[in-house]
Every structure is written in C-alpha cells, then in structure tokens.
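For reference, upload.csv is printed below; it contains CSV, C-alpha atoms.
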chain,number,residue,atom,x,y,z
A,1,MET,CA,82.0,90.0,59.8
A,2,ALA,CA,85.4,91.3,60.7
A,3,ALA,CA,87.8,92.8,58.2
A,4,LYS,CA,90.4,90.5,56.8
A,5,PRO,CA,93.7,91.6,55.4
A,6,THR,CA,94.6,90.3,52.0
A,7,GLU,CA,97.2,87.6,51.6
A,8,GLY,CA,100.7,88.6,52.7
A,9,GLU,CA,99.7,92.0,54.0
A,10,GLY,CA,98.5,93.5,57.3
A,11,PRO,CA,97.8,96.7,59.0
A,12,GLY,CA,101.5,97.2,59.8
A,13,ALA,CA,102.5,97.0,56.2
A,14,LEU,CA,102.6,100.0,53.9
A,15,GLY,CA,100.3,99.2,51.0
A,16,THR,CA,97.6,97.5,53.1
A,17,GLN,CA,94.4,96.7,51.4
A,18,TYR,CA,91.4,95.5,53.4
A,19,ARG,CA,88.4,93.5,52.3
A,20,LEU,CA,85.7,95.1,54.5
A,21,GLY,CA,82.4,93.6,55.4
A,22,SER,CA,79.2,95.6,55.9
A,23,ASP,CA,79.3,95.3,59.7
A,24,PRO,CA,78.7,98.8,61.1
A,25,HIS,CA,81.2,98.4,63.9
A,26,ILE,CA,84.0,98.5,61.3
A,27,TYR,CA,82.6,101.7,59.6
A,28,VAL,CA,85.2,104.0,61.3
A,29,THR,CA,88.0,101.6,60.8
A,30,LYS,CA,87.0,101.1,57.1
A,31,HIS,CA,87.3,104.8,56.4
A,32,MET,CA,90.5,105.1,58.5
A,33,HIS,CA,92.1,102.3,56.5
A,34,ARG,CA,90.9,103.9,53.3
A,35,PHE,CA,93.1,106.9,54.0
A,36,ALA,CA,95.8,104.6,55.4
A,37,ASN,CA,96.6,103.5,51.9
A,38,PRO,CA,100.1,105.0,51.2
A,39,ALA,CA,99.5,105.2,47.4
A,40,ARG,CA,96.3,107.3,48.0
A,41,PHE,CA,98.2,109.4,50.6
A,42,LEU,CA,101.1,109.9,48.1
A,43,ARG,CA,98.7,111.1,45.4
A,44,ILE,CA,97.1,113.6,47.8
A,45,ALA,CA,100.5,114.7,49.2
A,46,GLY,CA,101.8,115.1,45.7
A,47,VAL,CA,99.2,117.8,45.1
A,48,ALA,CA,99.2,119.3,48.6
A,49,THR,CA,102.9,119.7,48.9
A,50,PRO,CA,103.4,122.5,46.3
A,51,LEU,CA,100.0,124.0,47.3
A,52,THR,CA,101.3,124.5,50.8
A,53,LEU,CA,105.0,125.1,50.2
A,54,TRP,CA,105.1,127.9,47.7
A,55,PRO,CA,102.1,129.9,49.0
A,56,GLY,CA,103.5,129.3,52.5
A,57,LEU,CA,106.8,130.9,51.6
A,58,ALA,CA,105.1,133.9,49.9
A,59,ILE,CA,102.6,134.5,52.7
A,60,THR,CA,105.2,134.2,55.4
A,61,ALA,CA,107.4,136.7,53.6
A,62,LEU,CA,104.5,139.1,53.3
A,63,GLY,CA,103.4,138.7,56.9
A,64,LEU,CA,107.0,139.2,58.2
A,65,ALA,CA,107.7,142.2,56.0
A,66,TRP,CA,104.4,143.8,57.0
A,67,GLY,CA,105.0,143.2,60.7
A,68,LEU,CA,108.7,144.4,60.5
A,69,PHE,CA,108.4,147.4,58.3
A,70,TYR,CA,104.8,148.6,57.9
A,71,ALA,CA,102.9,147.8,61.1
A,72,PRO,CA,102.9,150.7,63.7
A,73,PRO,CA,104.6,150.2,67.1
A,74,ASP,CA,102.4,149.1,69.9
A,75,TYR,CA,101.3,152.0,72.2
A,76,LEU,CA,102.7,150.2,75.3
A,77,GLN,CA,105.3,147.8,74.1
A,78,GLY,CA,106.7,149.9,71.3
A,79,ASP,CA,108.6,148.1,68.5
A,80,SER,CA,109.2,144.9,70.5
A,81,ALA,CA,105.6,143.9,69.8
A,82,ARG,CA,106.8,143.1,66.3
A,83,ILE,CA,108.4,140.0,67.8
A,84,MET,CA,104.9,138.6,68.3
A,85,ASP,CA,104.6,138.0,64.6
A,86,VAL,CA,107.1,135.2,64.9
A,87,HIS,CA,106.6,134.2,68.5
A,88,VAL,CA,102.8,133.6,68.5
A,89,PRO,CA,102.7,131.5,65.3
A,90,ALA,CA,105.6,129.4,66.6
A,91,ALA,CA,103.8,128.9,70.0
A,92,ILE,CA,100.5,127.9,68.3
A,93,LEU,CA,102.1,125.5,65.9
A,94,ALA,CA,104.3,123.9,68.6
A,95,GLU,CA,101.1,123.2,70.6
A,96,LEU,CA,98.9,122.1,67.6
A,97,GLY,CA,101.8,120.0,66.3
A,98,TYR,CA,102.0,118.2,69.7
A,99,ALA,CA,98.2,117.6,69.6
A,100,GLY,CA,98.6,116.1,66.1
A,101,LEU,CA,101.5,114.0,67.3
A,102,ALA,CA,99.4,112.7,70.3
A,103,VAL,CA,96.5,111.8,68.0
A,104,ALA,CA,98.8,110.1,65.5
A,105,ALA,CA,100.5,108.2,68.2
A,106,ALA,CA,97.2,107.0,69.7
A,107,VAL,CA,95.9,105.9,66.3
A,108,GLY,CA,99.2,104.2,65.5
A,109,LEU,CA,99.2,102.5,68.9
A,110,VAL,CA,95.5,101.3,68.9
A,111,TRP,CA,94.9,100.6,65.2
A,112,LYS,CA,98.4,100.0,64.0
A,113,HIS,CA,97.7,102.6,61.3
A,114,PRO,CA,100.9,102.7,59.3
A,115,LEU,CA,100.5,106.3,58.2
A,116,ALA,CA,99.8,107.4,61.7
A,117,GLU,CA,103.3,106.2,62.8
A,118,VAL,CA,104.8,107.9,59.8
A,119,ALA,CA,103.0,111.1,60.7
A,120,ALA,CA,104.1,111.0,64.3
A,121,ARG,CA,107.8,110.5,63.2
A,122,ALA,CA,107.4,113.4,60.7
A,123,LEU,CA,105.7,115.7,63.2
A,124,ALA,CA,108.0,115.5,66.2
A,125,PRO,CA,111.1,117.2,64.9
A,126,VAL,CA,109.1,120.0,63.2
A,127,GLY,CA,107.1,120.6,66.4
A,128,ALA,CA,110.4,120.6,68.4
A,129,VAL,CA,111.9,123.3,66.2
A,130,PHE,CA,108.8,125.5,66.5
A,131,ALA,CA,108.8,125.0,70.3
A,132,ALA,CA,112.5,126.1,70.3
A,133,VAL,CA,111.7,129.1,68.2
A,134,CYS,CA,108.9,130.0,70.5
A,135,LEU,CA,111.1,129.9,73.6
A,136,ILE,CA,114.0,131.8,71.9
A,137,THR,CA,111.8,134.6,70.5
A,138,GLY,CA,109.9,134.8,73.7
A,139,SER,CA,113.1,135.3,75.5
A,140,LEU,CA,114.2,138.0,73.1
A,141,TRP,CA,110.8,139.7,73.7
A,142,GLY,CA,111.0,139.3,77.5
A,143,GLN,CA,114.3,141.1,77.9
A,144,PRO,CA,113.2,144.5,76.6
A,145,THR,CA,109.6,144.1,77.8
A,146,TRP,CA,109.9,142.5,81.3
A,147,GLY,CA,113.6,143.2,81.9
A,148,THR,CA,114.6,139.5,82.0
A,149,TRP,CA,115.4,136.8,79.5
A,150,TRP,CA,113.6,134.1,81.5
A,151,VAL,CA,111.5,133.5,84.6
A,152,TRP,CA,110.2,130.2,86.0
A,153,ASP,CA,106.7,131.3,85.3
A,154,ALA,CA,104.0,128.7,84.7
A,155,ARG,CA,103.5,129.5,81.0
A,156,LEU,CA,107.2,129.6,80.2
A,157,THR,CA,108.0,126.5,82.2
A,158,SER,CA,105.1,124.4,80.7
A,159,MET,CA,106.3,125.5,77.2
A,160,LEU,CA,109.9,124.3,78.1
A,161,VAL,CA,108.3,121.0,79.2
A,162,LEU,CA,106.6,120.7,75.8
A,163,PHE,CA,110.0,121.2,74.1
A,164,PHE,CA,111.5,118.4,76.3
A,165,LEU,CA,108.6,116.2,75.6
A,166,TYR,CA,109.3,116.6,71.9
A,167,LEU,CA,112.9,115.7,72.4
A,168,GLY,CA,111.9,112.6,74.4
A,169,VAL,CA,109.6,111.4,71.7
A,170,ILE,CA,112.3,111.9,69.1
A,171,ALA,CA,114.9,110.2,71.2
A,172,LEU,CA,112.6,107.2,71.9
A,173,SER,CA,111.5,106.7,68.3
A,174,ASN,CA,115.2,106.7,67.2
A,175,ALA,CA,116.5,104.6,70.0
A,176,PHE,CA,116.5,101.4,68.0
A,177,ASP,CA,118.3,100.5,64.7
A,178,GLU,CA,115.1,99.2,63.2
A,179,PRO,CA,112.7,102.1,62.7
A,180,GLY,CA,109.4,101.3,64.3
A,181,ARG,CA,110.7,99.4,67.3
A,182,GLY,CA,110.8,102.6,69.3
A,183,ALA,CA,107.4,103.7,68.0
A,184,LYS,CA,105.4,102.2,70.8
A,185,SER,CA,107.4,103.8,73.6
A,186,ALA,CA,107.4,107.1,71.8
A,187,ALA,CA,103.7,106.8,71.2
A,188,ILE,CA,103.0,106.3,74.9
A,189,LEU,CA,105.2,109.3,75.9
A,190,ALA,CA,103.4,111.4,73.2
A,191,ILE,CA,100.0,110.5,74.6
A,192,VAL,CA,100.9,111.0,78.2
A,193,GLY,CA,102.6,114.2,77.4
A,194,ALA,CA,99.4,115.6,75.9
A,195,ILE,CA,98.3,116.4,79.5
A,196,ASN,CA,100.7,119.4,79.2
A,197,LEU,CA,98.7,121.1,76.5
A,198,PRO,CA,95.8,122.3,78.7
A,199,ILE,CA,98.4,123.2,81.3
A,200,ILE,CA,100.1,125.5,78.8
A,201,LYS,CA,96.8,126.9,77.6
A,202,TYR,CA,95.3,127.6,81.1
A,203,SER,CA,98.5,128.3,82.9
A,204,VAL,CA,97.9,132.1,82.7
A,205,ASP,CA,94.5,131.6,84.2
A,206,TRP,CA,95.3,129.0,86.9
A,207,TRP,CA,98.4,130.7,88.2
A,208,ASN,CA,99.6,134.3,88.8
A,209,THR,CA,102.0,134.5,85.9
A,210,LEU,CA,104.3,137.2,84.4
A,211,HIS,CA,103.1,136.1,81.0
A,212,GLN,CA,100.0,138.0,80.0
A,213,GLY,CA,96.6,136.3,79.3
A,214,ALA,CA,95.2,135.4,75.9
A,215,SER,CA,94.8,138.4,73.6
A,216,ILE,CA,92.8,136.5,71.0
A,217,THR,CA,89.8,134.4,72.1
A,218,LEU,CA,86.8,132.9,70.5
A,219,THR,CA,84.8,136.1,71.3
A,220,GLY,CA,87.3,138.6,69.9
A,221,SER,CA,90.7,140.2,70.1
A,222,THR,CA,92.2,142.9,72.2
A,223,ILE,CA,94.9,143.5,69.5
A,224,ALA,CA,94.5,146.6,67.2
A,225,PRO,CA,93.7,145.6,63.6
A,226,ALA,CA,96.9,147.3,62.4
A,227,LEU,CA,98.9,144.7,64.4
A,228,LEU,CA,96.5,141.8,64.1
A,229,TRP,CA,96.7,141.6,60.3
A,230,PRO,CA,100.4,141.0,60.0
A,231,LEU,CA,100.2,138.5,62.9
A,232,GLY,CA,97.3,136.6,61.2
A,233,ILE,CA,99.1,136.6,57.8
A,234,SER,CA,102.4,135.4,59.3
A,235,ALA,CA,100.5,132.7,61.3
A,236,LEU,CA,98.8,131.5,58.1
A,237,GLY,CA,102.2,131.4,56.2
A,238,PHE,CA,104.0,129.5,59.0
A,239,SER,CA,101.1,127.1,59.2
A,240,LEU,CA,101.3,126.3,55.5
A,241,LEU,CA,105.1,125.8,55.8
A,242,PHE,CA,104.6,123.6,58.8
A,243,ALA,CA,102.1,121.5,56.8
A,244,ALA,CA,104.4,121.4,53.8
A,245,THR,CA,107.4,120.3,55.9
A,246,VAL,CA,105.4,117.5,57.6
A,247,LEU,CA,104.0,116.3,54.2
A,248,MET,CA,107.6,116.2,52.7
A,249,ARG,CA,109.0,114.4,55.7
A,250,MET,CA,106.1,111.8,55.5
A,251,ARG,CA,106.8,111.3,51.8
A,252,ALA,CA,110.5,110.8,52.6
A,253,GLU,CA,109.7,108.3,55.3
A,254,ILE,CA,107.4,106.3,53.1
A,255,ALA,CA,110.0,106.2,50.3
A,256,GLN,CA,112.7,105.1,52.8
A,257,THR,CA,110.4,102.4,54.2
A,258,ARG,CA,109.8,101.1,50.7
A,259,VAL,CA,113.5,101.0,49.9
A,260,ARG,CA,114.2,99.1,53.1
A,261,ALA,CA,111.4,96.6,52.5
A,262,ARG,CA,112.5,95.9,49.0
A,263,ALA,CA,116.1,95.5,50.0
A,264,ARG,CA,115.0,93.1,52.7
A,265,ARG,CA,112.9,91.1,50.3
A,266,MET,CA,115.7,90.9,47.8
A,267,ALA,CA,118.2,89.8,50.5
A,268,GLU,CA,115.7,87.1,51.6
A,269,ALA,CA,115.2,85.9,48.0
A,270,PHE,CA,119.0,85.5,47.5
A,271,ALA,CA,119.6,83.9,50.9
B,1,MET,CA,113.3,151.3,65.4
B,2,THR,CA,113.7,150.8,69.1
B,3,HIS,CA,114.7,147.3,70.4
B,4,ALA,CA,116.1,146.5,67.0
B,5,ALA,CA,118.8,144.4,68.8
B,6,TYR,CA,116.1,142.0,69.9
B,7,ILE,CA,113.7,142.2,67.0
B,8,TYR,CA,116.1,141.3,64.2
B,9,PRO,CA,117.6,138.3,66.0
B,10,ALA,CA,114.1,137.1,66.8
B,11,TYR,CA,113.1,137.3,63.1
B,12,ALA,CA,116.4,135.8,62.0
B,13,VAL,CA,115.9,132.8,64.4
B,14,ALA,CA,112.4,132.1,63.1
B,15,VAL,CA,113.3,132.5,59.4
B,16,ILE,CA,116.5,130.5,59.5
B,17,ALA,CA,114.9,127.7,61.6
B,18,THR,CA,111.9,127.5,59.3
B,19,LEU,CA,113.9,127.6,56.1
B,20,ALA,CA,116.3,124.9,57.5
B,21,LEU,CA,113.3,122.7,58.2
B,22,VAL,CA,111.8,123.2,54.8
B,23,ILE,CA,115.1,122.7,52.9
B,24,HIS,CA,116.0,119.6,54.9
B,25,ALA,CA,112.6,118.1,54.4
B,26,PHE,CA,112.6,118.9,50.7
B,27,THR,CA,116.1,117.4,50.0
B,28,SER,CA,115.3,114.3,52.2
B,29,MET,CA,112.1,113.8,50.2
B,30,ARG,CA,113.8,114.2,46.8
B,31,ARG,CA,116.7,111.9,47.8
B,32,ALA,CA,114.4,109.2,49.2
B,33,GLU,CA,112.0,109.3,46.3
B,34,ARG,CA,114.8,109.1,43.8
B,35,ALA,CA,116.4,106.1,45.6
B,36,ALA,CA,113.0,104.4,45.7
B,37,ALA,CA,112.5,105.0,41.9
B,38,GLU,CA,116.0,103.8,41.0
B,39,GLN,CA,115.5,100.7,43.1
B,40,ARG,CA,112.2,100.0,41.4
B,41,ASP,CA,113.7,100.6,37.9
B,42,ARG,CA,116.6,98.2,38.7
B,43,ARG,CA,114.1,95.5,39.6
B,44,ALA,CA,111.9,96.1,36.5

Whole structure given in structure tokens:
Amino acid sequence: MAAKPTEGEGPGALGTQYRLGSDPHIYVTKHMHRFANPARFLRIAGVATPLTLWPGLAITALGLAWGLFYAPPDYLQGDSARIMDVHVPAAILAELGYAGLAVAAAVGLVWKHPLAEVAARALAPVGAVFAAVCLITGSLWGQPTWGTWWVWDARLTSMLVLFFLYLGVIALSNAFDEPGRGAKSAAILAIVGAINLPIIKYSVDWWNTLHQGASITLTGSTIAPALLWPLGISALGFSLLFAATVLMRMRAEIAQTRVRARARRMAEAFA
Amino acid sequence: MTHAAYIYPAYAVAVIATLALVIHAFTSMRRAERAAAEQRDRRA
C-alpha cells in the first residue's frame, strides 16, 4: 500500500504528515518523511543551535589563539604554517558543504523532500564563503611559501571551480521571484558539480601539482602534534560554526516560507 | 613572527567572514521567526 498524503497537504508543503502503510518498500521514505516534518526539525534545531553556536565560537577562538600565539613555527615553513589553522578547516568545510548540498539537492529533486530544498538553499552561501576563505588564505600562504599568489595548479583550479559551482547554484536558486522555482535547476547543477569533489581530493595524486599531497590520512598524520592540536581544535570550532549557521539559515527559511504561505492564504480568502 | 604580513590578514579574513556569516544568519533567523510569530498572533 502506497503512502497517501493527508487532505490538503503533500510532500512539497511544509508541515507534511503522511499516513504510511506497512509495505517495506516505503520503509526508507517513511523514516525520511518522519524527519521532513518541519515542526520536528524546528524542535531539534532549537536545541542544536545554541549547542553548536556558543561552543563553536569558544573552540574556534581557542584554536586560533593557540595556533597564532602558542604553537611553534614549522621547521620548514616557519611561521607561515600558522595559516593552515584557518586554511585547512575552510577547505574541508567547503568540500563537505558541497557534498551535503549535492545530497540535499538529490533528495529534494527525487523525493520532493521540503527540508532538503531548505537545507540546500541554506548550505550554498555558507559553503561559498568557506570556499572563498580557503582560496584567499591559500593565496596568502602561497606567496611567502611558494613565492607566488596563484598558479593554475590542479588543486587550486579545482577549488576555484568549486567556488564557481557554489555561485552558480546560488544564482540559479535565486533566479526566480518565487522561491522554489529555481530549486530544480540549482539541484541539477549541484548534483552534476559533485563530480568536482573527487577531482579536488585526488588532484594532488593524479597530476604533478605545486600543492603538496595530503598530510592527514586515515592511517596517520605527518604533522607534528604541537601543530596538529591547534589545527584540530580550530577545525572542530569552524565545523560547529558552520553547522550553527546552516541551522539558523534553515530556521529563517522555514519561518519566511510560513509567512509567505499564510499571506497567500489570507489574500486568497479575501479575494 | 616572520611572515606576519601574511598571517594576520589570513586570520582576519577567516574570522571576519565567519563572524559575518554567523551574525547574518542569526539576525535573519530572529527577524523571520519574529515576523512569523507576529503574523500568527494577529490571526489568533
């Protein structure tokens, strides 16, 4: 038995409630729609926002102060290695953010999951800012270390492409007056653009690049603990702030959608 | 500190961009949720 939406509501409407049968093929959909309920999401986000925001600010401040003032200089790069404490978290979050954007876009496109579209719209600008921070701080590290602000190296170029993909997704999703109309085009671009993620990751292995290979892998790290600790702490802090920002943007988007929906219903009632 | 002319701007860019994102998201959320609450109260 297929799932049937309740009267007057559907998967595209915020506030969807489904009557679900026991058919196993809808098991995944059932659990997905369970978390699609905006009221449930808002309850969870109401708790999660302060739990990510305030510790995120404190941990980021700790990580940056440690990296800037207490960590020793790198034996080879000197003090410029301190830039890694902001560059690496920005790079990781820009890439993870795009992976999240692509997943949200796919879920929104296939299952018309309302929260997935909200998540995609909330993620894109945050990821774009982190991609820009990664590029700028990388350039500021490159000048004293490599002797150049920029090279058309595979890693740098693929990261720049990621930034442009973010801008494309944002532009498409805002290309129409009615929010949601651009969501489909933006979702397709987000999904297609995900091919860039493995290119970024493996660019330093597939091509002969000026950018060094990975220093942290699943099997270990080549970074000294005295430098790794502040990097890990600032990465944790920035990750919490990334999560808090996305949660707050999603809450704002849901509230704006509700205001527009009520205003439309009131206008129709008086027409 | 050597390379301070590169290190401080890099930290400044990261901190300012992150704080701008957080503050913008926070104020947008507060404004939107207040508007939704006021609209709901008016209807009630």

Need to verify the contact set: Arg34 (chain B), 9 Å, all atoms listed in the file, exclusion of same-chain residues closer than 5 positions in sequence. Can you return it as an mmCIF file with C-alpha atoms, in the coordinates of the input?
data_model
loop_
_atom_site.group_PDB
_atom_site.id
_atom_site.type_symbol
_atom_site.label_atom_id
_atom_site.label_comp_id
_atom_site.auth_asym_id
_atom_site.auth_seq_id
_atom_site.Cartn_x
_atom_site.Cartn_y
_atom_site.Cartn_z
ATOM 1 C CA ALA A 255 110.000 106.200 50.300
ATOM 2 C CA MET B 29 112.100 113.800 50.200
ATOM 3 C CA GLN B 39 115.500 100.700 43.100
#

| request: Enter the distance from CA of Phe41 (chain A) to CA of Met248 (chain A), in Å, rounded to one decimal. | output: 11.8 Å

| query | Pick from A:Gly193, A:Gly56, A:Pro38, A:Gly67: nearest to Ala99 (chain A), with only C-alpha atoms counted? | reply | A:Gly193

| request: Quick one: pull the distance between CA of Tyr166 (chain A) and CA of Ala90 (chain A), Å, one decimal. | output: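 Straight-line distance from CA of Tyr166 (chain A) to CA of Ala90 (chain A) works out to 14.3 Å.
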
| task | Report as a PyMOL selection string the set of chain B residues whose atoms approach chain A to within 8 Å, with distances computed over only C-alpha atoms. | result | chain B and resi 1-4+6-7+9-11+13-14+17-18+21-22+25-26+28-33+35-36+39

| message | One number please: CA of Tyr202 (chain A) to CA of Ser158 (chain A), in Å, one decimal. | response |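 Taking CA of Tyr202 (chain A) as the start and CA of Ser158 (chain A) as the end point, the length is 10.3 Å.
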
| field | Exercise: Ile199 (chain A) partners within 10 Å, all atoms listed in the file, chain neighbours under 4 positions left out, as number ranges by chain | value | A: 154-155, 158-159, 194-195, 203-206

Mind dumping the selected residues with C-alpha atoms as a short mmCIF file (atom, residue, chain, number, x, y, z; two decimals), in the frame of the given file?
data_model
loop_
_atom_site.label_atom_id
_atom_site.label_comp_id
_atom_site.auth_asym_id
_atom_site.auth_seq_id
_atom_site.Cartn_x
_atom_site.Cartn_y
_atom_site.Cartn_z
CA ALA A 154 104.00 128.70 84.70
CA ARG A 155 103.50 129.50 81.00
CA SER A 158 105.10 124.40 80.70
CA MET A 159 106.30 125.50 77.20
CA ALA A 194 99.40 115.60 75.90
CA ILE A 195 98.30 116.40 79.50
CA SER A 203 98.50 128.30 82.90
CA VAL A 204 97.90 132.10 82.70
CA ASP A 205 94.50 131.60 84.20
CA TRP A 206 95.30 129.00 86.90
#

| task | Rank nothing, just name the residue among A:Leu42, A:Trp66, A:Pro55, A:Phe176 nearest to Gly232 (chain A), using all atoms listed in the file. | result |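 Under the stated criterion, the closest residue is A:Trp66.
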
Using only C-alpha atoms, collect all residues at a distance of at most 9 Å from (104.0, 111.1, 62.7) as written in the file, then present them as a tab-separated table (two decimals) with C-alpha atoms, in the frame of the given file.
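Wrote result_29.tsv, looks like this:
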chain	number	residue	atom	x	y	z
A	100	GLY	CA	98.60	116.10	66.10
A	101	LEU	CA	101.50	114.00	67.30
A	104	ALA	CA	98.80	110.10	65.50
A	105	ALA	CA	100.50	108.20	68.20
A	108	GLY	CA	99.20	104.20	65.50
A	115	LEU	CA	100.50	106.30	58.20
A	116	ALA	CA	99.80	107.40	61.70
A	117	GLU	CA	103.30	106.20	62.80
A	118	VAL	CA	104.80	107.90	59.80
A	119	ALA	CA	103.00	111.10	60.70
A	120	ALA	CA	104.10	111.00	64.30
A	121	ARG	CA	107.80	110.50	63.20
A	122	ALA	CA	107.40	113.40	60.70
A	123	LEU	CA	105.70	115.70	63.20
A	124	ALA	CA	108.00	115.50	66.20
A	246	VAL	CA	105.40	117.50	57.60
A	250	MET	CA	106.10	111.80	55.50

Reconstruct region 7-33 of chain B at the level of N, CA and C atoms, and format the result as a compact mmCIF listing (two decimals), keeping the file's coordinate frame.
# COMPACT_ATOMS: atom_id res chain seq x y z
N ILE B 7 114.65 142.56 68.05
CA ILE B 7 113.70 142.20 67.00
C ILE B 7 114.32 141.49 65.84
N TYR B 8 115.43 142.00 65.34
CA TYR B 8 116.10 141.30 64.20
C TYR B 8 116.56 139.93 64.51
N PRO B 9 117.22 139.73 65.67
CA PRO B 9 117.60 138.30 66.00
C PRO B 9 116.38 137.40 66.11
N ALA B 10 115.26 137.91 66.65
CA ALA B 10 114.10 137.10 66.80
C ALA B 10 113.55 136.65 65.39
N TYR B 11 113.50 137.60 64.47
CA TYR B 11 113.10 137.30 63.10
C TYR B 11 114.07 136.34 62.44
N ALA B 12 115.37 136.60 62.67
CA ALA B 12 116.40 135.80 62.00
C ALA B 12 116.28 134.32 62.53
N VAL B 13 116.07 134.13 63.84
CA VAL B 13 115.90 132.80 64.40
C VAL B 13 114.75 132.06 63.74
N ALA B 14 113.61 132.75 63.67
CA ALA B 14 112.40 132.10 63.10
C ALA B 14 112.58 131.79 61.63
N VAL B 15 113.14 132.73 60.88
CA VAL B 15 113.30 132.50 59.40
C VAL B 15 114.31 131.42 59.14
N ILE B 16 115.47 131.49 59.81
CA ILE B 16 116.50 130.50 59.50
C ILE B 16 116.03 129.09 59.96
N ALA B 17 115.41 128.99 61.13
CA ALA B 17 114.90 127.70 61.60
C ALA B 17 113.88 127.11 60.64
N THR B 18 112.95 127.95 60.20
CA THR B 18 111.90 127.50 59.30
C THR B 18 112.46 127.08 57.95
N LEU B 19 113.35 127.92 57.41
CA LEU B 19 113.90 127.60 56.10
C LEU B 19 114.79 126.31 56.20
N ALA B 20 115.51 126.16 57.30
CA ALA B 20 116.30 124.90 57.50
C ALA B 20 115.43 123.71 57.50
N LEU B 21 114.29 123.81 58.20
CA LEU B 21 113.30 122.70 58.20
C LEU B 21 112.82 122.36 56.85
N VAL B 22 112.40 123.40 56.13
CA VAL B 22 111.80 123.20 54.80
C VAL B 22 112.85 122.61 53.85
N ILE B 23 114.06 123.18 53.84
CA ILE B 23 115.10 122.70 52.90
C ILE B 23 115.50 121.28 53.24
N HIS B 24 115.65 120.99 54.53
CA HIS B 24 116.00 119.60 54.90
C HIS B 24 114.94 118.63 54.51
N ALA B 25 113.67 118.99 54.76
CA ALA B 25 112.60 118.10 54.40
C ALA B 25 112.50 117.90 52.88
N PHE B 26 112.70 118.98 52.14
CA PHE B 26 112.60 118.90 50.70
C PHE B 26 113.74 118.03 50.11
N THR B 27 114.97 118.24 50.57
CA THR B 27 116.10 117.40 50.00
C THR B 27 115.96 115.98 50.48
N SER B 28 115.51 115.73 51.70
CA SER B 28 115.30 114.30 52.20
C SER B 28 114.27 113.65 51.31
N MET B 29 113.18 114.37 51.03
CA MET B 29 112.10 113.80 50.20
C MET B 29 112.60 113.47 48.80
N ARG B 30 113.30 114.42 48.20
CA ARG B 30 113.80 114.20 46.80
C ARG B 30 114.76 113.02 46.78
N ARG B 31 115.68 112.98 47.77
CA ARG B 31 116.70 111.90 47.80
C ARG B 31 116.01 110.55 48.00
N ALA B 32 115.07 110.48 48.94
CA ALA B 32 114.40 109.20 49.20
C ALA B 32 113.56 108.73 48.07
N GLU B 33 112.82 109.65 47.45
CA GLU B 33 112.00 109.30 46.30
C GLU B 33 112.79 108.85 45.11
